[in-house]
Each structure stands twice: as C-alpha cells, then as structure tokens.
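To be precise, the following lines are upload-v1.csv, and they hold CSV, C-alpha atoms (C1' of nucleotides).
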```csv
chain,number,residue,atom,x,y,z
A,1,MET,CA,6.3,-9.6,3.8
A,2,PRO,CA,4.5,-11.4,1.0
A,3,GLU,CA,5.8,-10.2,-2.4
A,4,LEU,CA,5.6,-12.1,-5.7
A,5,PRO,CA,7.6,-15.2,-4.7
A,6,GLU,CA,5.7,-15.6,-1.4
A,7,VAL,CA,2.3,-15.1,-3.0
A,8,GLN,CA,3.3,-17.5,-5.8
A,9,THR,CA,4.4,-20.1,-3.3
A,10,THR,CA,1.1,-19.7,-1.5
A,11,ALA,CA,-1.0,-19.9,-4.7
A,12,SER,CA,0.9,-22.9,-6.0
A,13,ILE,CA,0.6,-24.9,-2.8
A,14,LEU,CA,-3.1,-24.0,-2.5
A,15,HIS,CA,-3.7,-25.2,-6.0
A,16,LYS,CA,-2.6,-28.7,-4.9
A,17,LEU,CA,-4.7,-28.6,-1.7
A,18,VAL,CA,-8.0,-27.0,-2.2
A,19,ILE,CA,-9.1,-27.6,-5.8
A,20,GLY,CA,-12.5,-29.2,-5.9
A,21,LEU,CA,-13.4,-28.4,-2.3
A,22,LYS,CA,-16.6,-26.6,-1.4
A,23,ILE,CA,-16.7,-23.7,1.0
A,24,THR,CA,-19.1,-24.8,3.7
A,25,ASP,CA,-18.8,-21.9,6.1
A,26,VAL,CA,-17.1,-18.5,6.5
A,27,TRP,CA,-16.1,-16.8,9.7
A,28,THR,CA,-14.4,-13.5,10.6
A,29,ASP,CA,-13.9,-11.8,13.9
A,30,TYR,CA,-15.3,-8.6,15.1
A,31,GLY,CA,-12.2,-6.4,14.6
A,32,GLY,CA,-11.3,-7.7,11.1
A,33,GLU,CA,-10.7,-4.9,8.6
A,34,TYR,CA,-11.2,-7.1,5.6
A,35,HIS,CA,-12.3,-5.0,2.7
A,36,LEU,CA,-14.7,-6.2,0.1
A,37,GLY,CA,-14.4,-3.7,-2.7
A,38,LYS,CA,-14.9,-0.5,-0.9
A,39,LYS,CA,-16.8,-2.1,1.9
A,40,GLN,CA,-15.5,-4.3,4.7
A,41,ILE,CA,-16.3,-7.6,6.2
A,42,LYS,CA,-16.5,-6.0,9.6
A,43,ASP,CA,-19.6,-4.3,8.3
A,44,LYS,CA,-21.9,-7.2,9.4
A,45,LYS,CA,-24.4,-6.7,6.6
A,46,TYR,CA,-21.7,-6.8,4.0
A,47,PHE,CA,-20.1,-9.8,5.5
A,48,GLN,CA,-23.5,-11.6,5.3
A,49,SER,CA,-23.7,-10.9,1.6
A,50,PHE,CA,-20.1,-12.0,1.1
A,51,ARG,CA,-20.9,-15.2,3.0
A,52,LYS,CA,-24.0,-15.8,0.9
A,53,ASN,CA,-22.1,-15.3,-2.3
A,54,ILE,CA,-19.5,-18.0,-1.6
A,55,LEU,CA,-21.3,-20.6,0.6
A,56,GLY,CA,-21.5,-23.9,-1.3
A,57,ALA,CA,-19.3,-22.7,-4.1
A,58,LYS,CA,-16.5,-25.0,-5.2
A,59,ILE,CA,-12.9,-23.8,-5.7
A,60,THR,CA,-11.9,-24.5,-9.3
A,61,HIS,CA,-8.4,-23.1,-9.2
A,62,THR,CA,-6.0,-20.7,-7.5
A,63,ASN,CA,-3.3,-18.5,-8.9
A,64,ARG,CA,-1.5,-15.2,-8.4
A,65,ARG,CA,-1.8,-11.7,-9.9
A,66,GLY,CA,0.8,-9.2,-8.6
A,67,LYS,CA,0.7,-9.7,-4.8
A,68,ASN,CA,-2.8,-11.1,-4.8
A,69,VAL,CA,-3.8,-14.7,-4.3
A,70,LEU,CA,-6.8,-15.4,-6.5
A,71,ILE,CA,-9.3,-18.1,-5.6
A,72,TYR,CA,-11.6,-19.0,-8.4
A,73,LEU,CA,-15.0,-20.4,-7.6
A,74,ASP,CA,-17.4,-22.4,-9.8
A,75,ASN,CA,-20.0,-19.6,-9.5
A,76,LYS,CA,-17.8,-17.4,-11.6
A,77,LYS,CA,-16.7,-15.3,-8.7
A,78,ILE,CA,-13.1,-14.7,-7.5
A,79,ILE,CA,-11.9,-14.2,-4.0
A,80,ALA,CA,-8.8,-12.0,-4.2
A,81,VAL,CA,-6.6,-11.9,-1.1
A,82,HIS,CA,-4.0,-9.3,-0.7
A,83,MET,CA,-1.9,-10.3,2.2
A,84,LYS,CA,-0.2,-6.9,2.6
A,85,MET,CA,2.4,-7.0,5.4
A,86,THR,CA,1.7,-9.8,7.7
A,87,GLY,CA,-1.0,-11.8,6.2
A,88,HIS,CA,-0.7,-15.4,5.0
A,89,LEU,CA,-3.2,-18.1,4.1
A,90,LEU,CA,-3.0,-21.4,6.0
A,91,TYR,CA,-4.6,-24.8,5.2
A,92,GLY,CA,-5.2,-27.2,8.0
A,93,LYS,CA,-7.4,-28.6,10.6
A,94,TYR,CA,-8.8,-26.0,13.0
A,95,LYS,CA,-10.9,-26.1,16.1
A,96,LYS,CA,-12.9,-23.2,17.3
A,97,ILE,CA,-12.2,-22.5,20.9
A,98,GLY,CA,-13.7,-19.9,23.3
A,99,ILE,CA,-10.6,-18.1,24.6
A,100,LYS,CA,-10.7,-14.3,24.3
A,101,SER,CA,-7.7,-13.6,22.1
A,102,VAL,CA,-7.4,-16.9,20.3
A,103,VAL,CA,-10.6,-18.1,18.8
A,104,TRP,CA,-9.2,-20.7,16.5
A,105,GLU,CA,-6.7,-23.3,17.4
A,106,ALA,CA,-4.7,-25.2,14.8
A,107,ILE,CA,-4.9,-28.9,15.2
A,108,GLU,CA,-2.7,-29.9,12.3
A,109,PRO,CA,-0.2,-29.7,10.8
A,110,GLU,CA,2.2,-29.1,13.6
A,111,ALA,CA,3.7,-26.1,11.8
A,112,LEU,CA,0.5,-24.2,12.3
A,113,LYS,CA,1.3,-23.9,16.0
A,114,ASP,CA,4.1,-21.4,15.1
A,115,SER,CA,3.1,-18.1,16.9
A,116,PHE,CA,3.0,-16.2,13.5
A,117,ASN,CA,0.2,-18.6,12.5
A,118,GLN,CA,-2.0,-17.7,15.5
A,119,PHE,CA,-3.5,-14.4,14.3
A,120,ILE,CA,-6.5,-15.9,12.6
A,121,HIS,CA,-9.1,-13.3,11.4
A,122,LEU,CA,-10.8,-15.1,8.6
A,123,VAL,CA,-11.7,-18.8,8.2
A,124,PHE,CA,-13.2,-20.6,5.2
A,125,SER,CA,-14.4,-24.0,6.3
A,126,LEU,CA,-14.0,-26.5,3.5
A,127,SER,CA,-15.8,-29.7,2.5
A,128,ASP,CA,-12.9,-31.9,3.4
A,129,GLY,CA,-13.3,-31.0,7.1
A,130,LYS,CA,-10.2,-28.7,7.0
A,131,SER,CA,-10.1,-24.9,6.7
A,132,LEU,CA,-8.4,-22.1,4.8
A,133,ALA,CA,-7.5,-19.5,7.3
A,134,LEU,CA,-6.0,-16.1,7.1
A,135,SER,CA,-3.5,-15.3,9.8
A,136,ASP,CA,-2.7,-11.6,9.8
A,137,MET,CA,-0.9,-10.1,12.8
A,138,ARG,CA,-1.3,-6.4,11.8
A,139,LYS,CA,-4.7,-6.8,10.1
A,140,PHE,CA,-3.7,-5.0,6.9
A,141,ALA,CA,-4.7,-7.8,4.6
A,142,LYS,CA,-7.6,-7.2,2.2
A,143,VAL,CA,-10.1,-9.6,0.7
A,144,ASN,CA,-12.1,-8.7,-2.4
A,145,LEU,CA,-14.9,-10.7,-3.9
A,146,THR,CA,-15.6,-10.0,-7.6
A,147,GLU,CA,-17.2,-11.5,-10.7
A,148,GLU,CA,-14.7,-13.4,-12.8
A,149,GLU,CA,-15.5,-11.2,-15.8
A,150,SER,CA,-15.0,-8.0,-13.9
A,151,ALA,CA,-11.9,-9.0,-12.0
A,152,GLY,CA,-10.0,-6.2,-13.7
A,153,THR,CA,-12.1,-3.6,-12.0
A,154,ILE,CA,-11.5,-4.5,-8.4
A,155,PRO,CA,-9.2,-2.1,-6.6
A,156,ASP,CA,-6.3,-4.4,-6.0
A,157,LEU,CA,-6.2,-5.7,-9.6
A,158,ALA,CA,-7.4,-2.8,-11.8
A,159,HIS,CA,-4.1,-0.9,-12.2
A,160,LEU,CA,-1.5,-3.7,-12.0
A,161,GLY,CA,1.3,-3.6,-14.4
A,162,PRO,CA,2.6,-6.7,-16.3
A,163,GLU,CA,3.9,-9.8,-14.6
A,164,PRO,CA,7.7,-9.7,-14.5
A,165,LEU,CA,8.1,-13.5,-14.8
A,166,GLU,CA,5.8,-13.9,-17.9
A,167,LYS,CA,7.9,-15.3,-20.7
A,168,ASN,CA,6.8,-12.6,-23.1
A,169,PHE,CA,7.8,-9.9,-20.7
A,170,ASP,CA,11.2,-9.2,-22.3
A,171,LEU,CA,13.9,-6.5,-21.9
A,172,ASN,CA,12.2,-4.2,-24.3
A,173,LYS,CA,8.9,-4.3,-22.5
A,174,PHE,CA,10.7,-3.9,-19.2
A,175,LYS,CA,12.4,-0.8,-20.5
A,176,GLU,CA,9.1,0.5,-21.9
A,177,ARG,CA,7.4,0.1,-18.6
A,178,LEU,CA,10.2,1.7,-16.5
A,179,MET,CA,10.5,4.6,-18.9
A,180,LEU,CA,6.9,5.6,-18.3
A,181,ARG,CA,8.4,7.3,-15.2
A,182,PRO,CA,11.9,8.4,-16.2
A,183,THR,CA,12.3,10.8,-13.2
A,184,LYS,CA,11.4,8.2,-10.7
A,185,LYS,CA,14.0,6.6,-8.4
A,186,ILE,CA,14.7,3.1,-9.6
A,187,LYS,CA,13.8,1.5,-6.3
A,188,GLN,CA,10.4,3.1,-6.3
A,189,ALA,CA,9.9,2.3,-9.9
A,190,LEU,CA,10.5,-1.4,-9.4
A,191,MET,CA,8.1,-1.4,-6.4
A,192,ASP,CA,5.4,0.6,-8.3
A,193,GLN,CA,2.7,-2.0,-8.9
A,194,GLU,CA,1.4,0.0,-11.8
A,195,ILE,CA,4.7,-0.2,-13.6
A,196,ILE,CA,5.5,-3.9,-12.8
A,197,ALA,CA,3.4,-6.1,-10.6
A,198,GLY,CA,4.7,-8.0,-7.6
A,199,ILE,CA,8.0,-6.5,-6.5
A,200,GLY,CA,8.2,-5.1,-2.9
A,201,ASN,CA,10.9,-3.9,-0.6
A,202,ILE,CA,13.0,-7.1,-0.1
A,203,TYR,CA,13.2,-8.1,-3.7
A,204,SER,CA,13.8,-4.6,-5.0
A,205,ASP,CA,16.8,-4.3,-2.7
A,206,GLU,CA,18.2,-7.6,-3.8
A,207,ILE,CA,17.6,-6.9,-7.5
A,208,LEU,CA,19.5,-3.6,-7.3
A,209,PHE,CA,22.3,-5.2,-5.3
A,210,ALA,CA,22.7,-7.9,-7.9
A,211,SER,CA,22.7,-5.5,-10.8
A,212,GLY,CA,25.0,-2.9,-9.2
A,213,VAL,CA,22.6,0.0,-9.4
A,214,HIS,CA,22.1,2.5,-6.5
A,215,PRO,CA,18.4,2.7,-5.3
A,216,LEU,CA,18.3,6.4,-5.7
A,217,SER,CA,19.3,6.3,-9.4
A,218,LYS,CA,16.9,8.1,-11.7
A,219,THR,CA,15.3,5.5,-14.0
A,220,GLY,CA,15.8,7.7,-17.1
A,221,ALA,CA,19.5,8.1,-16.4
A,222,ILE,CA,20.4,4.4,-16.2
A,223,PRO,CA,22.5,3.3,-19.2
A,224,LYS,CA,21.2,0.6,-21.6
A,225,GLU,CA,23.6,-2.1,-20.5
A,226,LYS,CA,22.6,-1.6,-16.8
A,227,PHE,CA,18.9,-1.9,-17.7
A,228,ALA,CA,19.7,-5.3,-19.1
A,229,LEU,CA,21.4,-6.3,-15.9
A,230,ILE,CA,18.5,-5.1,-13.8
A,231,PHE,CA,16.1,-7.0,-16.0
A,232,LYS,CA,18.2,-10.2,-15.7
A,233,ALA,CA,18.6,-9.8,-12.0
A,234,MET,CA,14.9,-9.2,-11.6
A,235,LYS,CA,14.0,-12.5,-13.2
A,236,LEU,CA,16.8,-14.4,-11.4
A,237,VAL,CA,16.1,-13.0,-7.9
A,238,LEU,CA,12.3,-13.5,-8.2
A,239,GLU,CA,12.8,-17.1,-9.4
A,240,LYS,CA,15.3,-17.7,-6.6
A,241,GLY,CA,12.7,-16.4,-4.1
A,242,ILE,CA,10.2,-18.9,-5.5
A,243,ASP,CA,12.8,-21.7,-5.5
A,244,PHE,CA,13.4,-21.1,-1.8
A,245,GLY,CA,9.7,-21.1,-1.0
A,246,GLY,CA,9.6,-17.4,-0.3
A,247,ASP,CA,11.1,-15.2,2.4
A,248,SER,CA,10.3,-15.7,6.1
A,249,MET,CA,12.6,-13.2,7.7
A,250,SER,CA,9.4,-11.8,9.2
A,251,ASP,CA,6.1,-13.6,9.4
A,252,TYR,CA,5.5,-15.2,6.0
A,253,ARG,CA,4.5,-18.9,6.2
A,254,ASN,CA,3.3,-21.1,3.4
A,255,PRO,CA,-0.2,-22.8,3.5
A,256,TYR,CA,1.3,-25.6,5.6
A,257,GLY,CA,2.5,-23.0,8.1
A,258,GLU,CA,6.1,-23.5,7.2
A,259,ARG,CA,8.8,-21.0,6.6
A,260,GLY,CA,10.5,-20.2,3.3
A,261,GLU,CA,14.3,-20.0,3.1
A,262,PHE,CA,15.1,-16.9,1.0
A,263,GLN,CA,15.9,-14.9,4.1
A,264,HIS,CA,19.1,-16.8,4.4
A,265,HIS,CA,20.2,-15.6,1.0
A,266,HIS,CA,19.8,-11.9,1.3
A,267,LYS,CA,22.8,-9.8,0.2
A,268,ALA,CA,21.4,-6.4,1.0
A,269,TYR,CA,18.0,-6.4,2.7
A,270,ARG,CA,18.6,-5.8,6.4
A,271,LYS,CA,22.3,-6.3,6.1
A,272,THR,CA,23.1,-2.8,7.3
A,273,ASP,CA,26.8,-2.4,8.5
A,274,LEU,CA,27.8,-5.8,7.2
A,275,VAL,CA,30.5,-6.2,4.6
A,276,CYS,CA,29.3,-6.5,1.0
A,277,GLU,CA,29.3,-10.1,-0.1
A,278,ARG,CA,30.2,-9.3,-3.7
A,279,LYS,CA,33.6,-10.7,-4.5
A,280,GLY,CA,36.4,-8.2,-4.1
A,281,CYS,CA,34.0,-5.4,-3.3
A,282,GLY,CA,34.6,-4.8,0.4
A,283,GLY,CA,31.9,-2.1,0.7
A,284,ILE,CA,29.7,-1.8,3.8
A,285,ILE,CA,26.0,-2.1,3.4
A,286,GLU,CA,24.0,1.1,4.2
A,287,ARG,CA,20.4,1.8,5.0
A,288,ILE,CA,18.6,4.8,3.8
A,289,VAL,CA,15.0,5.8,3.5
A,290,VAL,CA,13.5,6.0,0.0
A,291,GLY,CA,9.9,7.1,-0.4
A,292,GLY,CA,9.3,6.3,3.3
A,293,ARG,CA,10.7,2.8,2.9
A,294,SER,CA,14.0,1.4,4.0
A,295,ALA,CA,16.5,0.7,1.3
A,296,HIS,CA,19.7,-1.3,1.8
A,297,PHE,CA,22.6,-1.2,-0.6
A,298,CYS,CA,26.3,-1.3,-1.1
A,299,PRO,CA,27.6,2.2,-1.8
A,300,ARG,CA,30.8,0.9,-3.3
A,301,HIS,CA,29.5,-1.3,-6.2
A,302,GLN,CA,26.0,0.0,-6.6
A,303,LYS,CA,26.4,3.0,-9.0
A,304,LYS,CA,24.2,6.1,-8.8
A,305,TYR,CA,23.0,7.4,-12.1
A,306,GLU,CA,21.5,10.9,-12.1
A,307,ILE,CA,20.1,13.0,-14.9
B,1,DA,C1',2.9,14.2,-11.9
B,2,DC,C1',5.7,14.6,-8.2
B,3,DT,C1',6.7,14.3,-2.9
B,4,DA,C1',5.8,14.3,2.0
B,5,DG,C1',3.1,12.8,5.5
B,6,DC,C1',-0.6,10.3,7.7
B,7,DC,C1',-3.4,6.2,8.3
B,8,DC,C1',-4.5,1.3,8.9
B,9,DC,C1',-2.3,-2.3,12.9
B,10,DT,C1',0.4,-4.7,16.6
B,11,DG,C1',4.5,-7.5,18.3
B,12,DG,C1',9.0,-6.7,19.4
B,13,DG,C1',12.9,-4.2,20.9
B,14,DA,C1',15.2,-0.2,23.2
B,15,DG,C1',15.5,2.9,26.9
B,16,DC,C1',14.4,4.1,31.5
C,1,DT,C1',9.1,-6.1,35.8
C,2,DG,C1',6.7,-2.9,33.4
C,3,DC,C1',6.1,1.3,31.4
C,4,DT,C1',6.6,4.3,27.2
C,5,DC,C1',8.1,5.1,22.7
C,6,DC,C1',9.5,3.8,18.3
C,7,DC,C1',9.9,0.7,14.4
C,8,DA,C1',8.5,-2.5,10.5
C,9,DG,C1',5.9,-1.4,5.9
C,10,DG,C1',2.0,-2.0,1.2
C,11,DG,C1',-0.8,0.9,-0.4
C,12,DG,C1',-4.7,4.3,-0.2
C,13,DC,C1',-5.3,8.9,0.7
C,14,DT,C1',-4.8,14.0,1.1
C,15,DA,C1',-2.3,18.4,0.9
C,16,DG,C1',1.1,21.1,-1.2
```
Mind turning the file's structure into structure tokens?
Amino acid sequence: MPELPEVQTTASILHKLVIGLKITDVWTDYGGEYHLGKKQIKDKKYFQSFRKNILGAKITHTNRRGKNVLIYLDNKKIIAVHMKMTGHLLYGKYKKIGIKSVVWEAIEPEALKDSFNQFIHLVFSLSDGKSLALSDMRKFAKVNLTEEESAGTIPDLAHLGPEPLEKNFDLNKFKERLMLRPTKKIKQALMDQEIIAGIGNIYSDEILFASGVHPLSKTGAIPKEKFALIFKAMKLVLEKGIDFGGDSMSDYRNPYGERGEFQHHHKAYRKTDLVCERKGCGGIIERIVVGGRSAHFCPRHQKKYEI
DNA sequence: ACTAGCCCCTGGGAGC
DNA sequence: TGCTCCCAGGGGCTAG
C-alpha cells in the first residue's frame, strides 16, 4: 500500500514525466468514488466542474505531502491524490476500448499490462498524447482539487503532522510530536498522520523491528535512548524504502507500471512464524492486531514498555 | 481523548 | 468447478 516511500517514488518520477504538459481531457467511470473535497466525482455535476477547472491547465510541478501526491497546475490549483490502499498513478499511452469491465487499455510501456495496472478509474489526457491514469482495484483512492493558497484546508492535508524526512525534523521534534499522545501505543502513534505524516502499516512494523520496540509499548513509557533508536530507524527505513523504489508486496506500481523492491527487504511485515533475522536473536515473528490493523514483531528482541 | 466497530471496495485464498 | 466466507487495510465516522 502506498506509504511515504511509495508516494515519494510516484511524485519524483512524475516530476520528470509530466512537467509542462497540459491536461487536455479528463475521464472517470460511473462507479468511481473519487472525492473532491466533500463531494465526489461520481456526482456528474461535480465532475463537470472539476473537469472545467483543470482542462487546459499546465502541470507546473509535482510533489508529496504525507501520503498525498500533489499535482500543481499553472492556474494556481492543486490536484491532491490520496492513493489509499490500492491506488497508484500511471503514465503511459492508453487507448479507450469498449469492453465492459476494461475501458482503457495500456499501449505502452509494457509494464502497464501488469494486472494490477488494469483497474483504471480516472484518466487525465495530456498534451503529449499520453495519459496520467489512476489504477485503483478497491476504489478507495481520493482526489481533491483545491486552490494553491488554501491547500492546507482540504481534508487530506489539513491535519497532517510534520514530514519525517525533513532535515529540520530532529530527535527533539520527533519526541515532542510523539509525546502529544503519551498513552498511545507506539505503533498507532507512528501511523497517526496528525502526529507524523506518511508512515503506514508496513513501515511502522519495520521501524519498530529495527529499533527493538514492541508495537504495544506506550509512547510515554519508552526510555530516552530507545526514542533515539526509533527516530534513527524511522529515517533509515523510510529512506531505504525510497531507495528500493517503494514496496510492491501488494499492488503498488510506479508511474511506469513497475514494481518497487522493498518487499524483499522486510524483516517483520508479513513474516509471521518465521525466524527473526536479527543476528543471534532466534525469536519467531508474531502477528497481532493493533487498533484493527495487523502488527508483526519479534517478541524476543522487541521490548514492551508500559506505564 | 480514548477505543471498538463499521464503512468504503474487490481480488484472492481457504474451505466445502 | 464453483459457491460462500473471510481477509487485506487508510482513514472517516459514530457510539460508548
């Protein structure tokens, strides 16, 4: 699922591909639940206004905020795409075809023919004859259109915490953010987008494995030196995720339709019943449910701190 | 301010 | 083969 490294990968690649291109058309299918603010693209009237607002606009740059891809337009508007579970943006040559379940067919690149790239529910046609398409198997993704100056008010951006990879986000700020919720379980705190933006289930498991902290530890009970380890692990694991082009254990693909490689480097996430890879540990990875989400950890070297 | 539970959605896997 | 049931989960929401 797209977390910070996947969204960063997408935004960085798009930046190379679509800058300076104009949006010449927009299409969405009937069932698309693509939200625009509180409204949705499936509301035909609202989609028409969305369309009108972006047609002819030129893409000036793209970047990331939390788990959102931001596409800046030269009319001072921003398209914010939250890919949620199974969404990803694809750039390539598409042909509209008339078959029931598959309306768009990828012509190139070849990687777009991957089955996970076939759930196309939103297509921006671009002035270079190619398209930016949103493939989203489970239709959870959300698309917001907002004015650049009021970007901080749209639902997916308004309450986001700081960016964990920002250079000025140091150990003190990290502690400060986490200690806003000292009774929270550390895994949930790391995944709370209001505390820190961008971390989800995969990377929180990996960060806690690397720092030797049990996911159920109470944030406020974690000793100082462990905080430093979590902080360090957070930066390292997220950067590693980016270096590997994101995680494609499930459906994530980059804009070329290609997989990332981080799934081959998991130590905890979905490693249930396997032997812990930490040297000399020998524990067996367990899976538990934390806040309705699965958490994977080694009960031997990940210490539980309680108040 | 917390938690539990439901909802959105659908492909894939297990069990029969 | 094909049916049914459950699971994956980010985040918004409600109820307690």
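Here atom CA of A:Ile59 and atom CA of A:Glu148 stand 12.7 Å from one another.
Of note, atom CA of A:Val26 and atom CA of A:Asn53 are spaced 10.6 Å apart.
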Selection as a ChimeraX atom specification: residues within 10 Å of (-1.6, 18.4, 2.5), counting all atoms listed in the file | /B:4-6 /C:14-16
With 8 Å as the cut-off and only C-alpha atoms (C1' of nucleotides) counted, what is the closest atom pair between each nearby residue of chain B and chain A? Distances in Å to one decimal, ordered by chain and number, as CSV.
```
residue,atom,partner,partner_atom,distance
B:DC8,C1',A:Phe140,CA,6.7
B:DC9,C1',A:Arg138,CA,4.4
B:DT10,C1',A:Arg138,CA,5.4
```
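Taking atom CA of A:Thr272 and atom CA of A:Arg287 as the two end points, the separation is 5.8 Å.
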Restrict the distance test to all atoms listed in the file, flag each residue of chain A within 10 Å of chain C, and return the flagged residues as a list of chain:residue names.
-> A:Met1, A:Pro2, A:Glu3, A:Lys67, A:His82, A:Met83, A:Lys84, A:Met85, A:Thr86, A:Phe140, A:Ala141, A:Asp156, A:Met191, A:Gln193, A:Gly200, A:Asn201, A:Ser250, A:Gly292, A:Arg293, A:Ser294
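Comparing the minimum interatomic distances between B:DA1 and each of A:Lys173, A:Val123, A:Pro182, A:Glu105, counting only C-alpha atoms (C1' of nucleotides), we find that A:Pro182 sits nearest.
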Would you kindly return, as JSON, numbers by chain, each protein, DNA or RNA residue with an atom no farther than 7 Å from any atom of A:His121, considering all atoms listed in the file and excluding same-chain residues fewer than 5 positions away?
-> {"A": [28, 29, 32, 134, 135, 136]}
Any chance you could work out the axis-aligned box around chain C, listed atoms only, 5 Å on each side, giving centre and edge lengths in Å to one decimal, as AutoDock Vina command-line options?
```
--center_x 2.3 --center_y 7.5 --center_z 17.3 --size_x 25.2 --size_y 37.2 --size_z 47.0
```
